[in-house]
>>> print(open('entry30.csv').read())   # CSV, C-alpha atoms
chain,number,residue,atom,x,y,z
A,1,MET,CA,40.3,151.3,110.2
A,2,SER,CA,36.5,151.6,109.8
A,3,TRP,CA,34.4,149.0,107.9
A,4,ASP,CA,32.3,149.8,104.9
A,5,TRP,CA,29.2,147.9,105.9
A,6,GLU,CA,27.2,148.8,102.7
A,7,LYS,CA,29.8,147.3,100.4
A,8,LEU,CA,30.1,144.2,102.5
A,9,LYS,CA,26.3,143.6,102.3
A,10,GLU,CA,26.4,144.0,98.5
A,11,GLN,CA,29.2,141.3,98.2
A,12,GLN,CA,27.1,138.9,100.3
A,13,GLN,CA,24.1,139.4,98.1
A,14,LYS,CA,26.1,138.7,95.0
A,15,MET,CA,27.3,135.4,96.5
A,16,GLY,CA,23.7,134.3,97.1
A,17,GLY,CA,21.7,133.3,100.1
A,18,GLY,CA,22.5,136.6,101.7
A,19,GLY,CA,25.8,135.2,103.0
A,20,VAL,CA,24.1,132.9,105.5
A,21,PRO,CA,25.8,129.4,105.7
A,22,PRO,CA,23.5,126.4,105.1
A,23,GLN,CA,22.1,124.6,108.1
A,24,MET,CA,23.3,121.2,109.4
A,25,ASP,CA,20.1,119.4,108.4
A,26,GLU,CA,20.5,120.6,104.8
A,27,LEU,CA,24.0,119.2,104.6
A,28,VAL,CA,22.7,115.8,105.9
A,29,LYS,CA,20.0,115.8,103.3
A,30,ARG,CA,22.5,116.5,100.5
A,31,PHE,CA,24.8,113.7,101.8
A,32,LYS,CA,21.9,111.2,101.8
A,33,GLY,CA,21.1,112.1,98.3
A,34,PHE,CA,24.6,111.5,97.1
A,35,LYS,CA,25.2,108.1,95.3
A,36,LEU,CA,28.5,106.6,94.0
A,37,PRO,CA,28.7,105.9,90.3
A,38,GLY,CA,28.7,102.2,89.8
A,39,GLY,CA,27.2,101.4,93.2
A,40,PRO,CA,28.1,98.0,94.8
A,41,LEU,CA,30.5,97.0,92.0
A,42,LEU,CA,32.8,99.9,92.7
A,43,LEU,CA,32.7,99.1,96.4
A,44,ALA,CA,33.7,95.5,95.7
A,45,VAL,CA,36.6,96.7,93.5
A,46,LEU,CA,37.8,99.0,96.3
A,47,LEU,CA,37.5,96.2,98.8
A,48,VAL,CA,39.5,93.8,96.6
A,49,ALA,CA,42.2,96.5,96.1
A,50,LEU,CA,42.4,97.0,99.8
A,51,VAL,CA,42.8,93.3,100.4
A,52,VAL,CA,45.5,92.9,97.8
A,53,TYR,CA,47.3,96.0,99.0
A,54,THR,CA,47.4,94.8,102.6
A,55,SER,CA,48.3,91.2,101.6
A,56,VAL,CA,51.4,91.9,99.5
A,57,TYR,CA,54.7,93.3,100.9
A,58,THR,CA,58.3,93.4,99.8
A,59,VAL,CA,61.4,92.7,101.9
A,60,LYS,CA,64.6,94.3,100.9
A,61,GLN,CA,67.8,92.5,100.2
A,62,ASP,CA,69.4,93.3,103.5
A,63,GLU,CA,66.2,92.6,105.5
A,64,VAL,CA,64.0,89.8,106.7
A,65,GLY,CA,60.3,90.0,107.6
A,66,VAL,CA,59.0,88.9,111.0
A,67,VAL,CA,55.3,87.9,110.6
A,68,GLN,CA,52.9,88.0,113.6
A,69,TYR,CA,49.4,86.6,113.6
A,70,PHE,CA,47.3,88.7,115.9
A,71,GLY,CA,50.6,89.5,117.8
A,72,ARG,CA,51.9,85.9,117.9
A,73,TYR,CA,55.1,85.1,116.0
A,74,VAL,CA,54.4,82.7,113.1
A,75,ARG,CA,57.3,82.9,110.6
A,76,THR,CA,60.2,84.8,109.2
A,77,THR,CA,60.2,85.7,105.5
A,78,GLN,CA,63.2,86.2,103.3
A,79,PRO,CA,64.0,89.1,100.9
A,80,GLY,CA,61.7,89.5,97.9
A,81,LEU,CA,57.9,89.6,97.2
A,82,ASN,CA,55.9,87.9,100.0
A,83,PHE,CA,52.2,87.5,101.0
A,84,LYS,CA,50.4,87.7,104.3
A,85,LEU,CA,46.8,87.7,105.6
A,86,PRO,CA,45.2,91.1,104.9
A,87,LEU,CA,43.6,93.8,107.0
A,88,SER,CA,46.1,93.6,109.9
A,89,ILE,CA,45.4,90.0,110.6
A,90,GLU,CA,49.1,89.4,110.1
A,91,LYS,CA,51.6,92.1,110.9
A,92,VAL,CA,55.1,92.3,109.3
A,93,THR,CA,58.1,93.9,111.0
A,94,LYS,CA,61.1,94.3,108.8
A,95,VAL,CA,64.5,93.9,110.5
A,96,ASN,CA,67.8,94.8,108.8
A,97,VAL,CA,70.2,91.9,109.5
A,98,LYS,CA,73.2,93.2,107.5
A,99,ARG,CA,73.5,96.8,108.7
A,100,ILE,CA,76.4,97.4,111.1
A,101,ASN,CA,75.1,99.5,114.0
A,102,THR,CA,77.5,101.5,116.2
A,103,GLU,CA,77.2,102.5,119.8
A,104,GLU,CA,79.7,105.1,121.2
A,105,PHE,CA,80.8,105.3,124.8
A,106,GLY,CA,82.8,108.2,126.3
A,107,PHE,CA,82.7,110.4,123.2
A,108,SER,CA,80.3,111.6,120.4
A,109,SER,CA,81.1,111.7,116.7
A,110,SER,CA,79.1,112.7,113.6
A,111,GLU,CA,79.5,109.2,112.3
A,112,GLY,CA,77.7,107.5,115.2
A,113,ASP,CA,74.2,106.2,114.7
A,114,ARG,CA,72.7,107.7,117.9
A,115,ARG,CA,73.9,109.6,120.9
A,116,ARG,CA,73.0,108.2,124.2
A,117,PHE,CA,74.9,110.5,126.6
A,118,SER,CA,75.3,114.2,127.0
A,119,PRO,CA,78.9,115.5,127.0
A,120,ALA,CA,79.1,115.4,130.8
A,121,GLU,CA,77.6,111.9,130.9
A,122,SER,CA,80.0,110.7,128.2
A,123,THR,CA,83.0,111.8,130.3
A,124,ASN,CA,81.6,110.0,133.3
A,125,VAL,CA,81.1,106.8,131.3
A,126,ALA,CA,84.7,106.9,130.1
A,127,LEU,CA,86.1,107.3,133.7
A,128,MET,CA,87.2,103.9,135.0
A,129,LEU,CA,89.2,102.6,137.9
A,130,THR,CA,92.2,100.4,136.9
A,131,GLY,CA,93.6,97.4,138.8
A,132,ASP,CA,96.4,99.6,140.3
A,133,LEU,CA,93.8,102.1,141.7
A,134,ASN,CA,94.4,104.7,139.0
A,135,VAL,CA,91.7,106.5,137.1
A,136,ALA,CA,91.7,106.3,133.3
A,137,VAL,CA,89.6,107.8,130.5
A,138,VAL,CA,88.6,104.9,128.3
A,139,PRO,CA,86.4,105.8,125.3
A,140,TRP,CA,85.3,103.0,123.1
A,141,ILE,CA,82.8,101.9,120.4
A,142,VAL,CA,80.8,98.7,119.9
A,143,GLN,CA,79.7,97.7,116.4
A,144,TYR,CA,77.1,95.0,116.1
A,145,ARG,CA,74.4,93.6,113.8
A,146,ILE,CA,71.2,91.6,114.3
A,147,LYS,CA,71.7,87.8,113.8
A,148,ASP,CA,68.4,86.5,115.3
A,149,PRO,CA,65.4,88.8,114.5
A,150,TYR,CA,63.0,86.7,116.6
A,151,SER,CA,65.2,87.0,119.8
A,152,PHE,CA,65.9,90.7,119.0
A,153,LEU,CA,62.2,91.6,118.8
A,154,PHE,CA,60.6,89.3,121.4
A,155,LYS,CA,63.1,88.0,124.0
A,156,VAL,CA,64.3,91.3,125.4
A,157,ARG,CA,62.2,94.4,126.1
A,158,ASP,CA,64.9,97.0,125.3
A,159,VAL,CA,67.8,95.4,123.4
A,160,ARG,CA,69.7,98.6,122.9
A,161,ARG,CA,69.6,99.5,126.6
A,162,LEU,CA,70.8,95.9,127.4
A,163,LEU,CA,73.6,96.3,124.9
A,164,THR,CA,74.8,99.6,126.3
A,165,ASP,CA,74.6,98.5,129.9
A,166,MET,CA,76.4,95.2,129.3
A,167,SER,CA,79.1,97.0,127.2
A,168,GLU,CA,79.8,99.4,130.0
A,169,ALA,CA,79.8,96.7,132.7
A,170,THR,CA,82.1,94.5,130.5
A,171,MET,CA,84.6,97.3,129.8
A,172,ARG,CA,84.8,98.2,133.5
A,173,LEU,CA,85.4,94.6,134.4
A,174,VAL,CA,88.2,94.2,131.8
A,175,VAL,CA,89.9,97.5,132.7
A,176,GLY,CA,89.6,96.8,136.4
A,177,ASP,CA,91.9,93.8,136.0
A,178,ARG,CA,94.7,95.8,134.4
A,179,SER,CA,97.2,98.5,135.3
A,180,ILE,CA,97.1,102.0,134.0
A,181,ASP,CA,100.1,101.3,131.8
A,182,GLU,CA,98.4,98.3,130.2
A,183,VAL,CA,95.2,100.2,129.6
A,184,ILE,CA,97.1,102.9,127.7
A,185,SER,CA,99.5,100.6,125.8
A,186,LYS,CA,97.5,97.3,125.3
A,187,ARG,CA,94.2,98.6,123.9
A,188,GLY,CA,94.0,95.8,121.3
A,189,GLU,CA,94.2,93.0,123.9
A,190,ILE,CA,91.6,94.8,126.1
A,191,ALA,CA,89.2,95.2,123.1
A,192,ILE,CA,89.5,91.5,122.1
A,193,GLU,CA,88.8,90.4,125.7
A,194,ALA,CA,85.9,92.8,126.1
A,195,ARG,CA,84.3,91.6,122.8
A,196,GLU,CA,84.5,87.9,123.9
A,197,ILE,CA,82.9,88.6,127.3
A,198,LEU,CA,80.2,90.9,125.9
A,199,GLN,CA,79.2,88.4,123.2
A,200,ARG,CA,79.0,85.6,125.8
A,201,GLU,CA,76.7,87.7,128.0
A,202,LEU,CA,74.5,88.8,125.2
A,203,ASP,CA,74.1,85.2,124.0
A,204,LEU,CA,73.1,84.2,127.6
A,205,ALA,CA,70.4,86.9,127.5
A,206,ASP,CA,69.0,85.8,124.1
A,207,SER,CA,69.5,89.3,122.7
A,208,GLY,CA,69.9,88.1,119.0
A,209,ILE,CA,72.9,90.5,118.6
A,210,HIS,CA,76.3,89.6,117.1
A,211,VAL,CA,79.1,91.9,118.2
A,212,VAL,CA,81.2,92.6,115.2
A,213,THR,CA,84.0,94.5,116.9
A,214,VAL,CA,84.9,96.5,120.0
A,215,GLU,CA,87.4,99.2,119.4
A,216,LEU,CA,89.1,101.4,122.1
A,217,LYS,CA,89.8,105.0,121.2
A,218,ARG,CA,92.8,106.9,122.6
A,219,THR,CA,93.0,106.1,126.3
A,220,ASN,CA,94.5,108.5,128.8
A,221,VAL,CA,94.3,109.8,132.3
A,222,PRO,CA,92.0,112.7,133.4
A,223,GLY,CA,93.2,116.2,132.5
A,224,PRO,CA,93.7,117.5,136.1
A,225,VAL,CA,96.1,114.6,136.9
A,226,GLN,CA,97.9,114.6,133.5
A,227,PRO,CA,101.0,116.6,134.7
A,228,SER,CA,101.5,114.3,137.7
A,229,PHE,CA,101.0,111.3,135.6
A,230,ASN,CA,103.6,112.6,133.1
A,231,GLU,CA,106.1,113.0,136.0
A,232,VAL,CA,105.4,109.5,137.2
A,233,ASN,CA,105.9,108.2,133.7
A,234,GLN,CA,109.2,110.1,133.4
A,235,ALA,CA,110.4,108.6,136.7
A,236,GLU,CA,109.3,105.2,135.6
A,237,GLN,CA,111.2,105.6,132.3
A,238,GLU,CA,114.4,106.7,134.2
A,239,LYS,CA,114.0,103.8,136.5
A,240,GLU,CA,113.7,101.4,133.6
A,241,GLN,CA,116.7,103.0,131.9
A,242,MET,CA,118.9,102.6,135.0
A,243,ILE,CA,117.7,99.0,135.3
A,244,PHE,CA,118.6,98.3,131.6
A,245,GLN,CA,122.0,99.9,132.1
A,246,ALA,CA,122.7,97.8,135.2
A,247,LYS,CA,121.6,94.7,133.3
A,248,GLU,CA,123.8,95.6,130.4
A,249,GLU,CA,126.8,95.9,132.8
A,250,TYR,CA,125.8,92.7,134.4
A,251,ASN,CA,125.6,90.9,131.1
A,252,LYS,CA,129.0,92.1,130.2
A,253,ALA,CA,130.8,91.3,133.5
A,254,ILE,CA,129.2,88.1,134.6
A,255,PRO,CA,129.7,86.2,131.3
A,256,ALA,CA,133.3,87.4,131.1
A,257,ALA,CA,134.0,86.1,134.6
A,258,ARG,CA,132.2,82.9,133.9
A,259,GLY,CA,134.2,82.4,130.7
A,260,GLN,CA,137.5,83.1,132.6
A,261,ALA,CA,136.5,80.7,135.4
A,262,GLU,CA,135.5,78.1,132.8
A,263,ARG,CA,138.8,78.5,131.0
A,264,MET,CA,140.8,78.1,134.2
A,265,ILE,CA,138.8,75.0,135.1
A,266,ARG,CA,139.5,73.5,131.6
A,267,GLU,CA,143.2,74.3,132.0
A,268,ALA,CA,143.3,72.7,135.4
A,269,GLU,CA,141.5,69.7,134.0
A,270,GLY,CA,143.9,69.5,131.1
A,271,TYR,CA,146.9,69.7,133.4
A,272,SER,CA,145.4,67.1,135.7
A,273,LEU,CA,144.8,64.8,132.8
A,274,GLU,CA,148.3,65.3,131.5
A,275,ARG,CA,149.9,64.5,134.8
A,276,ILE,CA,147.7,61.5,135.3
A,277,ASN,CA,148.5,60.2,131.8
A,278,ARG,CA,152.2,60.9,132.3
A,279,ALA,CA,152.2,59.1,135.6
A,280,LYS,CA,150.4,56.1,134.1
A,281,GLY,CA,152.9,56.1,131.2
A,282,ASP,CA,155.9,56.2,133.6
A,283,ALA,CA,154.4,53.4,135.7
A,284,ALA,CA,153.7,51.3,132.6
A,285,ARG,CA,157.2,51.9,131.3
A,286,PHE,CA,158.7,51.0,134.7
A,287,THR,CA,156.5,47.9,134.9
A,288,ALA,CA,157.6,46.9,131.4
A,289,VAL,CA,161.3,47.4,132.3
A,290,TYR,CA,160.9,45.5,135.5
A,291,GLN,CA,159.3,42.6,133.7
A,292,GLU,CA,162.3,42.5,131.3
A,293,TYR,CA,164.6,42.8,134.2
A,294,ALA,CA,163.0,39.9,135.9
A,295,LYS,CA,163.5,37.8,132.8
A,296,ALA,CA,167.3,38.5,132.6
A,297,LYS,CA,168.5,40.4,135.6
A,298,ASP,CA,172.3,40.6,134.6
A,299,VAL,CA,171.7,41.7,131.1
A,300,THR,CA,169.1,44.2,132.1
A,301,LYS,CA,171.3,45.5,135.0
A,302,ARG,CA,174.2,46.0,132.6
A,303,ARG,CA,172.0,47.7,130.0
A,304,LEU,CA,170.6,50.1,132.6
A,305,TYR,CA,174.1,50.8,133.9
A,306,LEU,CA,175.4,51.5,130.4
A,307,GLU,CA,172.4,53.7,129.6
A,308,ALA,CA,172.9,55.7,132.7
A,309,LEU,CA,176.6,56.2,131.9
A,310,SER,CA,175.8,57.2,128.4
A,311,LYS,CA,173.6,60.0,129.7
A,312,LEU,CA,175.9,61.0,132.5
A,313,LEU,CA,179.3,61.0,130.8
A,314,PRO,CA,178.5,63.8,128.3
A,315,LYS,CA,177.8,66.1,131.1
A,316,LEU,CA,181.1,65.6,133.0
A,317,GLY,CA,183.4,67.4,130.6
A,318,SER,CA,187.1,66.2,130.7
A,319,LYS,CA,187.6,62.8,132.1
A,320,TYR,CA,190.8,61.2,133.6
A,321,LEU,CA,191.3,57.5,134.0
A,322,VAL,CA,193.8,56.7,136.8
A,323,ASP,CA,195.3,53.4,137.3
A,324,SER,CA,194.8,51.9,140.6
A,325,ASP,CA,198.5,51.2,140.8
A,326,GLN,CA,199.5,54.7,140.1
A,327,LYS,CA,201.2,56.3,143.2
A,328,ASN,CA,202.4,59.7,142.0
A,329,LEU,CA,199.6,61.9,140.7
A,330,LEU,CA,201.5,65.1,140.2
A,331,PRO,CA,202.3,64.5,136.5
A,332,LEU,CA,198.5,64.5,136.0
A,333,LEU,CA,198.0,68.1,137.2
A,334,ASN,CA,199.0,69.8,133.9
A,335,LEU,CA,197.2,67.4,131.6
A,336,GLY,CA,195.0,70.2,130.3
A,337,GLN,CA,197.9,72.4,129.4
A,338,GLN,CA,199.7,69.6,127.6
A,339,LYS,CA,196.5,68.9,125.7
A,340,GLY,CA,196.5,72.5,124.6
A,341,ALA,CA,200.1,72.4,123.7
A,342,GLU,CA,199.7,69.4,121.5
A,343,LYS,CA,197.0,71.2,119.6
>>> encode(input="entry30.csv", output="structure tokens")
Amino acid sequence: MSWDWEKLKEQQQKMGGGGVPPQMDELVKRFKGFKLPGGPLLLAVLLVALVVYTSVYTVKQDEVGVVQYFGRYVRTTQPGLNFKLPLSIEKVTKVNVKRINTEEFGFSSSEGDRRRFSPAESTNVALMLTGDLNVAVVPWIVQYRIKDPYSFLFKVRDVRRLLTDMSEATMRLVVGDRSIDEVISKRGEIAIEAREILQRELDLADSGIHVVTVELKRTNVPGPVQPSFNEVNQAEQEKEQMIFQAKEEYNKAIPAARGQAERMIREAEGYSLERINRAKGDAARFTAVYQEYAKAKDVTKRRLYLEALSKLLPKLGSKYLVDSDQKNLLPLLNLGQQKGAEK
């Protein structure tokens, strides 16, 4: 495309000055000749406005203001309208002390505040060695808030890095003391213990952080060993089932045998007590009889004799009294027949 130089020159002449930009010295002269309307009064007003603007600040309801005087901490201000020295003499850092922050380990969700690990690094963080030398995948989250703004800002260089490192070290410590079955089934106990240890370590480091909760997500074993782990679990369940069945049979047979043995012991004790009491009674009765016999031997001897006969005679059946002077006993042979004939 060719340029129409004649038309371009005509446009520059219409704009004035032949299109040549003003020189630098001309611009300086124009600037020196410029004067503000109002002069020193307007400058004073602007200075006062700047001082007021840099002296007043507002702290939100869920925040506190940490004031530094040339970098040195001087005070902490509460929510509302506050004042400070102007022109950066005092600097205010606002810290949210009520917001619950979340750190995720071993996984990433859209609800997390920030993501510290890539997907590969998240998997490595979640891999932990248990107390029975198994590998478990243990994802978890830590929720915390700032309880001491001064310590949070000035005592530790990188508080978030400290929190994440201490969280990982604490979780590995707690998981390393438990078996793989406990890691999978007792997540609540592990979370409580990890929170207590983590809070204690953060307090020792003057981090100014309060751990609200530690929550374990779904724990499992790594994917490549999942089939083998399932087989082991199935074998363990069958083992437990057989143990329970054996205990059930044991609980049925042993108490029954113990009950039967106890019953036999009680029967033997009862029989022994009966024989002892009977022997004591017979001995006491014999002693009483003997004492009466000693008092009147003839009467007692006769009474015993008569009592013995009264018990013996009913068992003898027919009785025949023979006179000592009787010599011929033949007539007595058919006494039974004569008795029947008389009837």
>>> closest_residue(input="entry30.csv", among="A:Leu202, A:Val221, A:Ile243, A:Val67", to="Met166 (chain A)", atoms="only C-alpha atoms")
A:Leu202
>>> residues_around(input="entry30.csv", residues="region 150-156 of chain A", least_positions_apart="2", cutoff="12 Å", atoms="only C-alpha atoms", output="MDAnalysis selection string")
chainID A and resid 64:68 71:77 92:97 145:148 158:163 202:210
>>> atom_distance(input="entry30.csv", atom1="CA of Ser310 (chain A)", atom2="CA of Glu274 (chain A)")
28.8 Å
>>> residues_around(input="entry30.csv", residues="Asn220 (chain A)", least_positions_apart="5", cutoff="12 Å", atoms="all atoms listed in the file", output="ChimeraX atom specification")
/A:106,126-128,130,134-139,180-185,187,225-227,229-230
>>> residues_near_point(input="entry30.csv", point="(77.8, 97.4, 115.3)", cutoff="12 Å", atoms="only C-alpha atoms", output="JSON, numbers by chain")
{"A": [97, 98, 99, 100, 101, 102, 103, 104, 112, 113, 114, 141, 142, 143, 144, 145, 146, 147, 160, 163, 164, 167, 195, 209, 210, 211, 212, 213, 214, 215]}
>>> write_last_selection(input="entry30.csv", atoms="C-alpha atoms", output="JSON list (two decimals), keeping the file's coordinate frame")
[["chain", "number", "residue", "atom", "x", "y", "z"],
["A", 97, "VAL", "CA", 70.20, 91.90, 109.50],
["A", 98, "LYS", "CA", 73.20, 93.20, 107.50],
["A", 99, "ARG", "CA", 73.50, 96.80, 108.70],
["A", 100, "ILE", "CA", 76.40, 97.40, 111.10],
["A", 101, "ASN", "CA", 75.10, 99.50, 114.00],
["A", 102, "THR", "CA", 77.50, 101.50, 116.20],
["A", 103, "GLU", "CA", 77.20, 102.50, 119.80],
["A", 104, "GLU", "CA", 79.70, 105.10, 121.20],
["A", 112, "GLY", "CA", 77.70, 107.50, 115.20],
["A", 113, "ASP", "CA", 74.20, 106.20, 114.70],
["A", 114, "ARG", "CA", 72.70, 107.70, 117.90],
["A", 141, "ILE", "CA", 82.80, 101.90, 120.40],
["A", 142, "VAL", "CA", 80.80, 98.70, 119.90],
["A", 143, "GLN", "CA", 79.70, 97.70, 116.40],
["A", 144, "TYR", "CA", 77.10, 95.00, 116.10],
["A", 145, "ARG", "CA", 74.40, 93.60, 113.80],
["A", 146, "ILE", "CA", 71.20, 91.60, 114.30],
["A", 147, "LYS", "CA", 71.70, 87.80, 113.80],
["A", 160, "ARG", "CA", 69.70, 98.60, 122.90],
["A", 163, "LEU", "CA", 73.60, 96.30, 124.90],
["A", 164, "THR", "CA", 74.80, 99.60, 126.30],
["A", 167, "SER", "CA", 79.10, 97.00, 127.20],
["A", 195, "ARG", "CA", 84.30, 91.60, 122.80],
["A", 209, "ILE", "CA", 72.90, 90.50, 118.60],
["A", 210, "HIS", "CA", 76.30, 89.60, 117.10],
["A", 211, "VAL", "CA", 79.10, 91.90, 118.20],
["A", 212, "VAL", "CA", 81.20, 92.60, 115.20],
["A", 213, "THR", "CA", 84.00, 94.50, 116.90],
["A", 214, "VAL", "CA", 84.90, 96.50, 120.00],
["A", 215, "GLU", "CA", 87.40, 99.20, 119.40]]
